[in-house]
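Undergrad: Coordinates in query_15.cif, mmCIF, C-alpha atoms, are listed below.
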data_structure
loop_
_atom_site.label_atom_id
_atom_site.label_comp_id
_atom_site.auth_asym_id
_atom_site.auth_seq_id
_atom_site.Cartn_x
_atom_site.Cartn_y
_atom_site.Cartn_z
CA MET D 1 -203.05 -48.06 -10.58
CA ALA D 2 -202.82 -45.52 -13.34
CA LEU D 3 -204.63 -46.03 -16.61
CA LEU D 4 -201.66 -45.59 -18.89
CA ARG D 5 -199.02 -47.33 -20.91
CA LEU D 6 -195.91 -48.04 -18.89
CA LEU D 7 -193.78 -49.57 -21.62
CA LEU D 8 -192.70 -46.30 -23.14
CA LEU D 9 -190.02 -44.83 -25.31
CA GLY D 10 -186.47 -45.48 -24.17
CA VAL D 11 -185.97 -41.72 -23.94
CA LEU D 12 -188.33 -41.49 -20.93
CA PRO D 13 -185.56 -41.60 -18.28
CA PHE D 14 -184.01 -38.53 -19.86
CA LEU D 15 -187.13 -36.43 -20.33
CA CYS D 16 -186.48 -34.81 -17.00
CA LEU D 17 -183.17 -33.28 -17.94
CA SER D 18 -184.67 -30.16 -19.49
CA ALA D 19 -187.23 -29.54 -16.74
CA SER D 20 -187.21 -26.28 -14.82
CA LEU D 21 -189.25 -25.47 -11.73
CA PRO D 22 -191.78 -22.62 -12.04
CA ASP D 23 -190.34 -19.65 -10.16
CA PHE D 24 -193.00 -18.97 -7.55
CA SER D 25 -190.62 -16.55 -5.85
CA GLN D 26 -190.68 -14.30 -8.93
CA ARG D 27 -194.46 -14.47 -9.06
CA TYR D 28 -195.19 -13.95 -5.38
CA GLY D 29 -191.96 -12.78 -3.72
CA ALA D 30 -189.50 -14.42 -1.35
CA ARG D 31 -190.71 -16.58 1.48
CA TYR D 32 -190.56 -15.24 5.02
CA GLY D 33 -187.65 -16.66 7.04
CA GLN D 34 -185.14 -19.31 6.03
CA ARG D 35 -185.64 -23.02 5.56
CA SER D 36 -183.92 -25.10 8.22
CA LYS D 37 -183.93 -28.58 9.65
CA GLY D 38 -185.99 -27.32 12.57
CA LYS D 39 -189.14 -25.26 12.44
CA PRO D 40 -188.85 -22.44 9.90
CA ILE D 41 -189.97 -18.96 10.88
CA ARG D 42 -193.61 -18.72 9.83
CA PRO D 43 -195.44 -15.80 8.31
CA PRO D 44 -198.50 -14.56 10.20
CA ILE D 45 -201.25 -17.18 10.12
CA GLY D 46 -203.97 -16.16 7.70
CA ASN D 47 -206.79 -17.45 5.52
CA HIS D 48 -207.78 -20.13 8.02
CA THR D 49 -211.48 -20.66 7.49
CA CYS D 50 -213.86 -22.55 9.73
CA ASP D 51 -217.25 -20.96 9.05
CA GLY D 52 -218.51 -20.60 5.47
CA ARG D 53 -215.87 -23.08 4.37
CA ARG D 54 -215.33 -24.06 0.75
CA HIS D 55 -213.61 -27.39 1.04
CA ILE D 56 -214.79 -30.99 1.29
CA ARG D 57 -213.12 -33.41 3.67
CA ALA D 58 -213.51 -37.16 3.37
CA LYS D 59 -211.99 -39.89 5.50
CA LEU D 60 -209.81 -42.57 3.96
CA GLN D 61 -209.70 -46.15 5.17
CA SER D 62 -206.65 -48.37 4.79
CA ARG D 63 -207.51 -51.79 3.41
CA LYS D 64 -205.29 -54.87 3.23
CA VAL D 65 -206.14 -57.23 0.39
CA ASN D 66 -205.21 -60.90 0.29
CA ASN D 67 -205.65 -63.65 -2.27
CA VAL D 68 -207.88 -62.03 -4.87
CA THR D 69 -208.26 -64.28 -7.89
CA GLY D 70 -209.51 -63.42 -11.34
CA GLY D 71 -211.21 -65.29 -14.15
CA ALA D 72 -210.88 -65.08 -17.90
CA VAL D 73 -211.53 -61.70 -19.48
CA SER D 74 -214.58 -61.46 -21.71
CA THR D 75 -214.47 -59.78 -25.11
CA TYR D 76 -217.23 -57.18 -25.38
CA ALA D 77 -216.99 -54.67 -28.20
CA THR D 78 -215.71 -51.72 -26.22
CA SER D 79 -214.17 -48.30 -26.52
CA LYS D 80 -210.89 -48.45 -24.62
CA ILE D 81 -210.10 -45.89 -21.93
CA SER D 82 -206.35 -46.47 -22.18
CA GLY D 83 -204.01 -49.43 -22.09
CA ARG D 84 -201.33 -50.16 -19.54
CA SER D 85 -198.76 -52.87 -19.06
CA PRO D 86 -198.65 -54.92 -15.85
CA ARG D 87 -196.82 -53.18 -13.00
CA GLU D 88 -197.96 -54.73 -9.71
CA PRO D 89 -196.03 -57.99 -9.14
CA LEU D 90 -198.12 -58.85 -6.07
CA ALA D 91 -201.34 -58.31 -8.00
CA ARG D 92 -200.57 -61.57 -9.76
CA TYR D 93 -201.68 -63.31 -6.64
CA GLY D 94 -203.87 -60.52 -5.38
CA GLU D 95 -202.26 -58.82 -2.41
CA GLY D 96 -201.75 -55.17 -1.58
CA ILE D 97 -202.63 -52.22 0.64
CA VAL D 98 -204.90 -49.47 -0.68
CA TYR D 99 -206.74 -46.42 0.67
CA MET D 100 -210.48 -46.20 0.12
CA LEU D 101 -212.99 -43.36 0.11
CA GLU D 102 -216.68 -43.89 0.86
CA LEU D 103 -219.38 -42.21 -1.22
CA ASP D 104 -223.09 -42.69 -1.95
CA ILE D 105 -224.29 -43.06 -5.54
CA GLY D 106 -227.85 -42.75 -6.84
CA THR D 107 -231.28 -41.92 -5.45
CA PRO D 108 -231.64 -43.23 -2.82
CA GLY D 109 -227.90 -43.37 -2.17
CA GLN D 110 -226.05 -46.67 -2.35
CA THR D 111 -222.87 -46.68 -0.28
CA VAL D 112 -219.72 -47.72 -2.12
CA SER D 113 -216.09 -47.70 -0.97
CA ALA D 114 -213.73 -46.98 -3.85
CA ILE D 115 -209.93 -47.14 -4.06
CA LEU D 116 -208.48 -43.62 -4.20
CA ASP D 117 -206.32 -43.57 -7.32
CA THR D 118 -204.21 -40.56 -8.29
CA GLY D 119 -203.07 -42.51 -11.35
CA SER D 120 -206.46 -42.63 -13.11
CA TYR D 121 -209.23 -40.15 -13.76
CA THR D 122 -212.72 -41.61 -13.54
CA LEU D 123 -215.08 -43.52 -11.21
CA LEU D 124 -215.58 -47.24 -11.87
CA VAL D 125 -217.84 -49.47 -9.73
CA ASP D 126 -219.46 -52.92 -9.62
CA PRO D 127 -223.24 -53.18 -10.36
CA ASP D 128 -223.54 -56.33 -8.22
CA CYS D 129 -221.15 -58.94 -6.92
CA THR D 130 -221.66 -61.67 -9.52
CA GLN D 131 -219.23 -60.05 -11.99
CA ALA D 132 -216.72 -58.91 -9.35
CA ALA D 133 -213.25 -60.45 -9.22
CA ASP D 134 -213.79 -61.15 -5.50
CA PRO D 135 -217.52 -61.44 -4.58
CA PRO D 136 -216.98 -61.42 -0.77
CA ALA D 137 -214.87 -58.25 -1.04
CA CYS D 138 -217.52 -56.72 -3.29
CA GLN D 139 -220.17 -57.39 -0.64
CA THR D 140 -217.96 -55.76 1.98
CA TYR D 141 -217.14 -52.59 0.04
CA GLY D 142 -220.47 -52.11 -1.71
CA TYR D 143 -221.82 -51.92 -5.25
CA TYR D 144 -224.06 -49.67 -7.32
CA ASP D 145 -227.25 -51.15 -8.84
CA THR D 146 -228.48 -48.72 -11.50
CA ALA D 147 -231.96 -50.28 -11.45
CA GLN D 148 -232.37 -49.14 -7.84
CA SER D 149 -231.64 -45.47 -8.59
CA SER D 150 -234.31 -43.12 -9.90
CA THR D 151 -231.65 -40.68 -11.16
CA ALA D 152 -229.45 -43.18 -13.05
CA ARG D 153 -229.07 -42.46 -16.76
CA ASN D 154 -227.54 -44.91 -19.25
CA LEU D 155 -225.15 -43.03 -21.56
CA ASN D 156 -225.12 -45.90 -24.10
CA GLY D 157 -221.34 -46.15 -24.19
CA TRP D 158 -218.89 -48.92 -23.34
CA PHE D 159 -215.51 -48.64 -21.65
CA ALA D 160 -212.54 -50.94 -21.00
CA GLY D 161 -209.56 -50.26 -18.76
CA GLN D 162 -206.37 -52.00 -17.66
CA PHE D 163 -205.06 -51.49 -14.09
CA GLY D 164 -201.73 -53.28 -13.79
CA THR D 165 -202.80 -56.94 -13.95
CA GLY D 166 -206.40 -55.91 -13.22
CA TYR D 167 -208.99 -55.34 -15.91
CA MET D 168 -212.49 -53.89 -16.00
CA GLU D 169 -215.02 -53.23 -18.74
CA GLY D 170 -218.62 -52.13 -18.73
CA VAL D 171 -221.16 -49.39 -19.46
CA TRP D 172 -221.13 -45.63 -18.82
CA TYR D 173 -223.86 -44.15 -16.62
CA SER D 174 -224.54 -40.72 -15.16
CA ASP D 175 -226.00 -40.25 -11.67
CA THR D 176 -225.95 -38.14 -8.53
CA ALA D 177 -223.21 -38.92 -6.03
CA TYR D 178 -222.83 -37.76 -2.44
CA ILE D 179 -219.32 -37.14 -1.15
CA GLY D 180 -217.49 -36.03 1.96
CA LEU D 181 -218.39 -35.80 5.62
CA ASP D 182 -221.20 -33.37 4.72
CA ASN D 183 -222.62 -35.75 2.09
CA LEU D 184 -222.91 -33.01 -0.53
CA PRO D 185 -224.84 -33.91 -3.72
CA LEU D 186 -222.90 -34.00 -6.99
CA PRO D 187 -225.31 -34.39 -9.94
CA ASN D 188 -224.41 -35.87 -13.32
CA LEU D 189 -221.25 -37.64 -12.24
CA ARG D 190 -219.93 -40.05 -14.89
CA VAL D 191 -219.82 -43.61 -13.50
CA GLY D 192 -218.38 -46.64 -15.24
CA VAL D 193 -220.49 -49.67 -14.26
CA SER D 194 -218.56 -52.92 -14.59
CA LYS D 195 -219.81 -55.86 -16.62
CA TRP D 196 -216.67 -57.88 -16.01
CA SER D 197 -213.56 -57.45 -13.91
CA GLN D 198 -210.38 -59.39 -13.30
CA TYR D 199 -208.36 -58.84 -10.10
CA ILE D 200 -210.29 -55.61 -9.40
CA TRP D 201 -212.25 -56.36 -6.23
CA ALA D 202 -213.69 -52.90 -5.48
CA GLY D 203 -214.58 -49.62 -7.16
CA VAL D 204 -211.87 -47.20 -8.29
CA LEU D 205 -212.10 -43.42 -7.85
CA GLY D 206 -209.63 -41.72 -10.19
CA VAL D 207 -208.58 -38.19 -9.19
CA SER D 208 -206.04 -37.35 -11.88
CA TYR D 209 -206.60 -34.64 -14.50
CA GLY D 210 -210.11 -34.71 -15.98
CA LYS D 211 -211.72 -32.59 -18.65
CA ALA D 212 -208.79 -30.18 -18.92
CA TRP D 213 -206.65 -32.91 -20.51
CA ASN D 214 -207.89 -36.50 -20.23
CA THR D 215 -211.65 -36.65 -20.76
CA GLY D 216 -214.47 -35.15 -22.78
CA TYR D 217 -216.63 -34.93 -19.66
CA GLN D 218 -216.36 -33.45 -16.17
CA THR D 219 -214.87 -35.78 -13.57
CA LEU D 220 -215.47 -35.63 -9.82
CA LEU D 221 -212.92 -32.86 -9.18
CA ASP D 222 -214.22 -30.86 -12.17
CA LEU D 223 -217.79 -31.10 -10.87
CA LEU D 224 -216.81 -30.00 -7.37
CA VAL D 225 -215.51 -26.78 -8.90
CA ALA D 226 -218.48 -26.43 -11.30
CA GLN D 227 -220.93 -26.79 -8.38
CA SER D 228 -218.96 -24.14 -6.42
CA TYR D 229 -218.28 -26.52 -3.55
CA ILE D 230 -214.60 -25.65 -3.97
CA GLU D 231 -212.94 -22.79 -5.84
CA VAL D 232 -210.03 -24.54 -7.53
CA PRO D 233 -209.21 -28.05 -8.85
CA ILE D 234 -206.81 -28.86 -6.02
CA PHE D 235 -206.92 -31.54 -3.33
CA SER D 236 -204.59 -32.65 -0.55
CA VAL D 237 -203.93 -36.12 0.83
CA GLY D 238 -202.44 -37.49 4.04
CA VAL D 239 -202.97 -41.24 4.19
CA GLY D 240 -201.38 -41.64 7.62
CA TYR D 241 -198.94 -44.11 9.12
CA GLN D 242 -199.17 -47.84 8.42
CA GLY D 243 -201.18 -49.63 11.06
CA GLY D 244 -203.26 -46.60 12.05
CA GLY D 245 -202.65 -44.22 14.90
CA SER D 246 -202.83 -41.16 12.66
CA PRO D 247 -205.65 -39.52 10.66
CA SER D 248 -206.12 -40.52 7.04
CA ASP D 249 -208.12 -38.19 4.81
CA ILE D 250 -208.46 -36.22 1.60
CA VAL D 251 -209.42 -32.54 1.46
CA PHE D 252 -210.85 -31.23 -1.80
CA GLY D 253 -210.25 -27.50 -2.21
CA GLY D 254 -208.15 -27.14 0.92
CA VAL D 255 -204.98 -27.97 2.84
CA ASP D 256 -204.77 -29.38 6.36
CA ARG D 257 -201.97 -27.42 8.02
CA LYS D 258 -201.92 -29.79 10.98
CA LYS D 259 -200.42 -32.56 8.89
CA TYR D 260 -196.96 -31.07 8.24
CA ARG D 261 -194.38 -28.50 9.37
CA GLY D 262 -192.98 -25.51 7.52
CA TYR D 263 -193.38 -24.66 3.87
CA LEU D 264 -194.74 -26.91 1.16
CA GLU D 265 -192.26 -27.56 -1.66
CA PRO D 266 -193.64 -27.21 -5.22
CA LEU D 267 -192.78 -30.02 -7.65
CA GLU D 268 -193.54 -29.15 -11.23
CA ILE D 269 -195.71 -31.52 -13.27
CA TYR D 270 -193.27 -32.74 -15.92
CA PRO D 271 -193.34 -33.48 -18.78
CA TYR D 272 -195.74 -30.57 -19.19
CA PRO D 273 -199.38 -31.65 -19.69
CA ASP D 274 -199.39 -31.04 -23.45
CA GLN D 275 -196.19 -33.09 -23.79
CA GLN D 276 -197.56 -35.92 -21.63
CA LEU D 277 -200.63 -36.11 -23.83
CA LYS D 278 -198.44 -36.67 -26.90
CA LEU D 279 -196.14 -39.16 -25.18
CA PHE D 280 -198.51 -41.20 -23.02
CA ASP D 281 -202.04 -40.44 -24.31
CA GLN D 282 -202.96 -38.98 -20.92
CA VAL D 283 -201.76 -36.52 -18.28
CA GLY D 284 -200.76 -37.64 -14.80
CA TYR D 285 -199.00 -36.46 -11.66
CA ARG D 286 -195.46 -36.91 -12.94
CA VAL D 287 -192.62 -35.07 -11.21
CA ASN D 288 -188.83 -35.29 -11.05
CA MET D 289 -187.03 -37.12 -8.25
CA THR D 290 -183.46 -35.86 -7.79
CA SER D 291 -181.93 -38.10 -5.12
CA LEU D 292 -182.33 -41.44 -3.40
CA ALA D 293 -180.62 -42.63 -0.23
CA VAL D 294 -180.95 -45.13 2.57
CA THR D 295 -180.16 -44.66 6.27
CA PRO D 296 -179.66 -48.05 7.93
CA PRO D 297 -180.30 -48.25 11.69
CA GLY D 298 -177.46 -46.67 13.66
CA GLN D 299 -175.54 -45.68 10.53
CA ASN D 300 -175.00 -42.60 8.41
CA GLU D 301 -177.03 -41.95 5.29
CA THR D 302 -175.75 -43.68 2.14
CA MET D 303 -176.46 -41.85 -1.13
CA LEU D 304 -177.51 -44.15 -3.97
CA THR D 305 -177.54 -41.48 -6.69
CA GLY D 306 -175.10 -38.85 -7.93
CA SER D 307 -175.29 -35.07 -7.59
CA ASP D 308 -176.69 -34.66 -11.12
CA PHE D 309 -179.31 -37.42 -10.82
CA GLU D 310 -182.80 -36.61 -12.06
CA ARG D 311 -185.54 -39.07 -12.93
CA ASN D 312 -189.22 -38.74 -13.84
CA VAL D 313 -191.65 -40.56 -11.50
CA LEU D 314 -195.43 -40.99 -11.31
CA ILE D 315 -197.12 -40.42 -7.93
CA ASP D 316 -199.75 -43.16 -7.80
CA SER D 317 -201.92 -43.79 -4.72
CA GLY D 318 -203.44 -46.83 -6.42
CA SER D 319 -200.09 -48.65 -6.27
CA THR D 320 -199.14 -50.45 -3.05
CA TYR D 321 -195.47 -50.38 -3.97
CA THR D 322 -192.85 -47.97 -5.21
CA TYR D 323 -191.22 -49.14 -8.46
CA LEU D 324 -187.66 -48.19 -9.35
CA ASP D 325 -184.81 -49.54 -11.46
CA GLY D 326 -183.80 -53.06 -10.47
CA ALA D 327 -180.21 -52.13 -9.64
CA LEU D 328 -181.29 -49.47 -7.13
CA VAL D 329 -183.88 -51.80 -5.63
CA ALA D 330 -181.22 -54.48 -5.13
CA ILE D 331 -179.06 -52.05 -3.13
CA ILE D 332 -182.00 -51.04 -0.92
CA ALA D 333 -182.94 -54.71 -0.52
CA GLU D 334 -179.43 -55.56 0.65
CA ALA D 335 -179.48 -52.71 3.18
CA LEU D 336 -182.79 -54.01 4.61
CA HIS D 337 -181.72 -57.68 4.47
CA ALA D 338 -184.48 -58.51 1.99
CA TYR D 339 -184.70 -61.70 -0.05
CA THR D 340 -186.79 -62.75 -3.07
CA ASP D 341 -189.63 -65.26 -2.79
CA ASP D 342 -190.86 -67.70 -5.43
CA HIS D 343 -192.70 -64.89 -7.21
CA GLY D 344 -189.62 -62.69 -7.43
CA VAL D 345 -190.95 -60.29 -4.78
CA TYR D 346 -188.59 -58.91 -2.15
CA ARG D 347 -189.56 -59.91 1.38
CA VAL D 348 -188.21 -58.52 4.64
CA PRO D 349 -188.24 -59.90 8.20
CA CYS D 350 -191.22 -58.24 9.87
CA GLU D 351 -189.19 -57.31 12.94
CA SER D 352 -187.25 -54.89 10.70
CA ARG D 353 -190.28 -52.57 10.87
CA ASN D 354 -189.25 -51.78 14.45
CA LEU D 355 -185.77 -50.59 13.45
CA ASP D 356 -184.86 -46.92 13.27
CA GLY D 357 -183.94 -46.74 9.60
CA SER D 358 -185.33 -44.90 6.57
CA VAL D 359 -185.33 -44.70 2.79
CA ASN D 360 -184.95 -41.10 1.65
CA PHE D 361 -186.41 -39.53 -1.50
CA GLY D 362 -185.15 -36.12 -2.61
CA PHE D 363 -186.73 -33.50 -4.87
CA ASN D 364 -185.69 -30.16 -6.34
CA PHE D 365 -182.02 -30.98 -5.70
CA PHE D 366 -182.17 -31.35 -1.90
CA ASN D 367 -184.72 -28.58 -1.33
CA ILE D 368 -186.77 -31.29 0.32
CA ILE D 369 -186.10 -34.87 1.45
CA ILE D 370 -188.99 -37.19 2.34
CA ARG D 371 -187.73 -39.77 4.81
CA VAL D 372 -189.80 -42.96 4.87
CA ASN D 373 -189.25 -44.88 8.10
CA TYR D 374 -188.90 -48.64 7.92
CA ALA D 375 -192.21 -48.95 9.80
CA ASP D 376 -194.03 -47.39 6.83
CA PHE D 377 -191.78 -48.52 3.99
CA ILE D 378 -191.97 -52.22 4.84
CA VAL D 379 -195.44 -53.51 3.92
CA ASP D 380 -196.98 -55.68 6.64
CA PHE D 381 -199.24 -58.49 5.42
CA ASP D 382 -199.56 -60.04 8.90
CA SER D 383 -198.20 -63.44 7.85
CA TYR D 384 -195.16 -61.90 6.12
CA CYS D 385 -193.67 -58.51 5.22
CA ALA D 386 -192.59 -57.18 1.82
CA LEU D 387 -190.11 -54.51 0.86
CA GLY D 388 -191.91 -51.28 -0.07
CA VAL D 389 -189.94 -50.94 -3.31
CA GLN D 390 -189.93 -53.49 -6.12
CA PRO D 391 -188.15 -53.48 -9.50
CA THR D 392 -189.89 -52.18 -12.60
CA ASP D 393 -190.80 -54.68 -15.28
CA HIS D 394 -188.36 -53.20 -17.79
CA SER D 395 -185.42 -50.81 -17.68
CA ASN D 396 -187.37 -48.12 -19.55
CA SER D 397 -190.60 -48.49 -17.55
CA THR D 398 -192.13 -45.59 -15.66
CA TRP D 399 -190.87 -45.26 -12.10
CA VAL D 400 -193.73 -45.11 -9.61
CA LEU D 401 -194.02 -43.67 -6.11
CA GLY D 402 -196.78 -45.73 -4.51
CA THR D 403 -198.32 -45.75 -1.05
CA SER D 404 -195.11 -47.10 0.52
CA PHE D 405 -193.75 -43.60 -0.24
CA ILE D 406 -196.98 -41.62 0.11
CA ARG D 407 -197.42 -42.64 3.77
CA ALA D 408 -194.47 -40.41 4.67
CA ALA D 409 -195.60 -37.35 2.68
CA TYR D 410 -198.31 -34.73 2.82
CA LEU D 411 -199.27 -34.07 -0.80
CA VAL D 412 -201.24 -31.29 -2.47
CA PHE D 413 -202.25 -32.11 -6.05
CA ASP D 414 -202.59 -28.76 -7.81
CA GLN D 415 -204.21 -28.90 -11.26
CA GLN D 416 -204.48 -25.11 -11.40
CA ASN D 417 -200.72 -24.50 -11.26
CA ASN D 418 -199.67 -27.93 -12.62
CA ALA D 419 -197.68 -28.84 -9.54
CA VAL D 420 -197.61 -31.29 -6.64
CA TRP D 421 -196.76 -29.56 -3.36
CA ILE D 422 -195.06 -31.79 -0.82
CA ALA D 423 -193.92 -31.87 2.82
CA GLN D 424 -192.92 -34.52 5.34
CA TYR D 425 -196.09 -35.97 6.89
CA LEU D 426 -196.25 -34.91 10.55
CA PRO D 427 -199.74 -34.86 12.11
CA CYS D 428 -200.33 -32.74 15.23
CA GLY D 429 -204.08 -32.34 15.68
CA ASP D 430 -207.37 -31.36 14.06
CA ASP D 431 -209.05 -28.20 12.77
CA GLY D 432 -206.15 -27.04 10.64
CA ILE D 433 -207.84 -26.81 7.22
CA THR D 434 -207.38 -23.69 5.10
CA ASP D 435 -209.55 -23.18 2.02
CA LEU D 436 -207.76 -22.57 -1.26
CA THR D 437 -208.90 -19.73 -3.51
CA LYS D 438 -208.22 -18.74 -7.09
CA ASP D 439 -204.97 -17.26 -5.75
CA ALA D 440 -203.93 -20.71 -4.54
CA GLY D 441 -200.43 -20.43 -5.97
CA LYS D 442 -199.64 -17.52 -3.69
CA GLN D 443 -201.34 -19.22 -0.74
CA LEU D 444 -199.37 -22.42 -1.15
CA TRP D 445 -196.09 -20.60 -1.69
CA LEU D 446 -196.36 -18.02 1.10
CA GLU D 447 -199.27 -18.56 3.46
CA VAL D 448 -200.28 -22.14 4.22
CA THR D 449 -197.25 -23.15 6.24
CA GLY D 450 -197.66 -26.20 8.42
CA LEU D 451 -198.64 -25.72 12.05
CA CYS D 452 -196.80 -28.73 13.50
#
So that I can check it, write out the structure of this file as structure tokens.
TA:
Amino acid sequence: MALLRLLLLGVLPFLCLSASLPDFSQRYGARYGQRSKGKPIRPPIGNHTCDGRRHIRAKLQSRKVNNVTGGAVSTYATSKISGRSPREPLARYGEGIVYMLELDIGTPGQTVSAILDTGSYTLLVDPDCTQAADPPACQTYGYYDTAQSSTARNLNGWFAGQFGTGYMEGVWYSDTAYIGLDNLPLPNLRVGVSKWSQYIWAGVLGVSYGKAWNTGYQTLLDLLVAQSYIEVPIFSVGVGYQGGGSPSDIVFGGVDRKKYRGYLEPLEIYPYPDQQLKLFDQVGYRVNMTSLAVTPPGQNETMLTGSDFERNVLIDSGSTYTYLDGALVAIIAEALHAYTDDHGVYRVPCESRNLDGSVNFGFNFFNIIIRVNYADFIVDFDSYCALGVQPTDHSNSTWVLGTSFIRAAYLVFDQQNNAVWIAQYLPCGDDGITDLTKDAGKQLWLEVTGLC
């Protein structure tokens, strides 16, 4: 659900070829022990804070959306946030799975659930449910009425934004928001209040780069640092397994070490932020994927890419699906016995979710492989199931790793060091959060090994 143009220069697939990973080992020294398929030897556990903490934890709720319809788009005179071409095939008839974060906006607080979106960078909400794309969904997930808040301030500016096939436009406001399990106040948060939306049935909370690269104002993550709630612009996400049974949350300013095992692997943001700004008009969580494979049930792994493969991908929690080149998707579809429906979407027999197979995504040339089990990769809509990967609209479109991939990963989005740190998602309990300090690079490289 990123706010960006996806029909890009044909050279995009090859941008990755000159990328080089920042050498954290030169900065901070070698890691203790050797990486292995089992538990690596861990360094002494340190920097685990419980009292006097400087992190904010918020729960995420998985939401399944069906049959959202949209009306015609109005034509206000607006200043455009950024354009983007359609990317979500299922959004054409309004279905998907998203992860939502609850926050209160205004004085007194009005509770709103917003879609967590690593592909955009600002907060957009409905002012009431008459302009919403889906009024019943709007009533369920809440709206923000500026007239009911004594601290709301109209900034006298318009915005417009495209989210795949969704569209929203409206007016900028500033107000106090309350976030996290501790309901901490965050004054002067920029809020886009919708005057019209199409296909967008709830608020959107963008957590991509803010004032450093994309905006002229402080976004939510920027304000958390400015208010000294957290020390660094870093947050971690574990959305949990499909269907529940595992915790789903976001930690601003910290890492939950009871969500993974071993070391986190750093993936460099690439193209570099200044290059992204020139190429795409905004900076996002783009990294390089270096292998793709599938392991059918009871069979050996089949590699789908060569030893020199490298491709730039966008990590986007606002996207239900992963989007890759059509030829690769067709191979995966054949392995999972998928077929296309009338909309051109790959469907899979729902009983396949019970099979012991996986789709495997590699990074940093086999330094780490994220194995997505069929149970998480196949998207369950109750009445039918869809393949978790769909083909991109065009051969030169951006490849996207959506929530069908993210469910299998623990991710740390690090705006301080321009990296995304990643590990296989493996929850093993509570009370494992470590605060991140201004020396977060060293912490993430050496200290915050997983406890599972």
Undergrad: Find the residues near Ser307 of chain D: any atom within 12 Å, counting all atoms listed in the file, skip ones fewer than 6 places away on the same chain, and give them as a VMD selection string.
TA: chain D and resid 289 to 293 362 to 366
Undergrad: Could you check which of D:Tyr272, D:Trp196, D:Phe405, D:Tyr410 is closest to Asp249 of chain D, using all atoms listed in the file?
TA: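 Nearest to Asp249 of chain D: D:Tyr410.
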Undergrad: Which polymer residues have any atom within 12 Å of an atom of Ile105 of chain D, counting all atoms listed in the file, with same-chain residues fewer than 4 positions away left out, as a PDB file with C-alpha atoms, in the frame of the given file?
TA:
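Okay, this is what ended up in selection_21.pdb:
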ATOM      1  CA  GLY D 109    -227.900 -43.370  -2.170  1.00  0.00           C
ATOM      2  CA  GLN D 110    -226.050 -46.670  -2.350  1.00  0.00           C
ATOM      3  CA  THR D 111    -222.870 -46.680  -0.280  1.00  0.00           C
ATOM      4  CA  VAL D 112    -219.720 -47.720  -2.120  1.00  0.00           C
ATOM      5  CA  SER D 113    -216.090 -47.700  -0.970  1.00  0.00           C
ATOM      6  CA  ALA D 114    -213.730 -46.980  -3.850  1.00  0.00           C
ATOM      7  CA  LEU D 123    -215.080 -43.520 -11.210  1.00  0.00           C
ATOM      8  CA  LEU D 124    -215.580 -47.240 -11.870  1.00  0.00           C
ATOM      9  CA  VAL D 125    -217.840 -49.470  -9.730  1.00  0.00           C
ATOM     10  CA  ASP D 126    -219.460 -52.920  -9.620  1.00  0.00           C
ATOM     11  CA  PRO D 127    -223.240 -53.180 -10.360  1.00  0.00           C
ATOM     12  CA  GLY D 142    -220.470 -52.110  -1.710  1.00  0.00           C
ATOM     13  CA  TYR D 143    -221.820 -51.920  -5.250  1.00  0.00           C
ATOM     14  CA  TYR D 144    -224.060 -49.670  -7.320  1.00  0.00           C
ATOM     15  CA  ASP D 145    -227.250 -51.150  -8.840  1.00  0.00           C
ATOM     16  CA  THR D 146    -228.480 -48.720 -11.500  1.00  0.00           C
ATOM     17  CA  GLN D 148    -232.370 -49.140  -7.840  1.00  0.00           C
ATOM     18  CA  SER D 149    -231.640 -45.470  -8.590  1.00  0.00           C
ATOM     19  CA  SER D 150    -234.310 -43.120  -9.900  1.00  0.00           C
ATOM     20  CA  THR D 151    -231.650 -40.680 -11.160  1.00  0.00           C
ATOM     21  CA  ALA D 152    -229.450 -43.180 -13.050  1.00  0.00           C
ATOM     22  CA  TYR D 173    -223.860 -44.150 -16.620  1.00  0.00           C
ATOM     23  CA  SER D 174    -224.540 -40.720 -15.160  1.00  0.00           C
ATOM     24  CA  ASP D 175    -226.000 -40.250 -11.670  1.00  0.00           C
ATOM     25  CA  THR D 176    -225.950 -38.140  -8.530  1.00  0.00           C
ATOM     26  CA  ALA D 177    -223.210 -38.920  -6.030  1.00  0.00           C
ATOM     27  CA  TYR D 178    -222.830 -37.760  -2.440  1.00  0.00           C
ATOM     28  CA  ILE D 179    -219.320 -37.140  -1.150  1.00  0.00           C
ATOM     29  CA  ASN D 183    -222.620 -35.750   2.090  1.00  0.00           C
ATOM     30  CA  LEU D 184    -222.910 -33.010  -0.530  1.00  0.00           C
ATOM     31  CA  PRO D 185    -224.840 -33.910  -3.720  1.00  0.00           C
ATOM     32  CA  LEU D 186    -222.900 -34.000  -6.990  1.00  0.00           C
ATOM     33  CA  PRO D 187    -225.310 -34.390  -9.940  1.00  0.00           C
ATOM     34  CA  ASN D 188    -224.410 -35.870 -13.320  1.00  0.00           C
ATOM     35  CA  LEU D 189    -221.250 -37.640 -12.240  1.00  0.00           C
ATOM     36  CA  ARG D 190    -219.930 -40.050 -14.890  1.00  0.00           C
ATOM     37  CA  VAL D 191    -219.820 -43.610 -13.500  1.00  0.00           C
ATOM     38  CA  GLY D 192    -218.380 -46.640 -15.240  1.00  0.00           C
ATOM     39  CA  VAL D 193    -220.490 -49.670 -14.260  1.00  0.00           C
ATOM     40  CA  GLY D 203    -214.580 -49.620  -7.160  1.00  0.00           C
TER      41      GLY D 203
END
Undergrad: Quick one: residues within 10 Å of Leu224 of chain D, only C-alpha atoms counted, chain neighbours fewer than 2 positions away excluded, as a list in words?
TA: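 The neighbour list is His55, Ile56, Ile179, Leu184, Pro185, Leu186, Pro187, Gln218, Thr219, Leu220, Leu221, Asp222, Ala226, Gln227, Ser228, Tyr229, Ile230, Glu231, Val232, Pro233, Phe252 and Gly253 of chain D.
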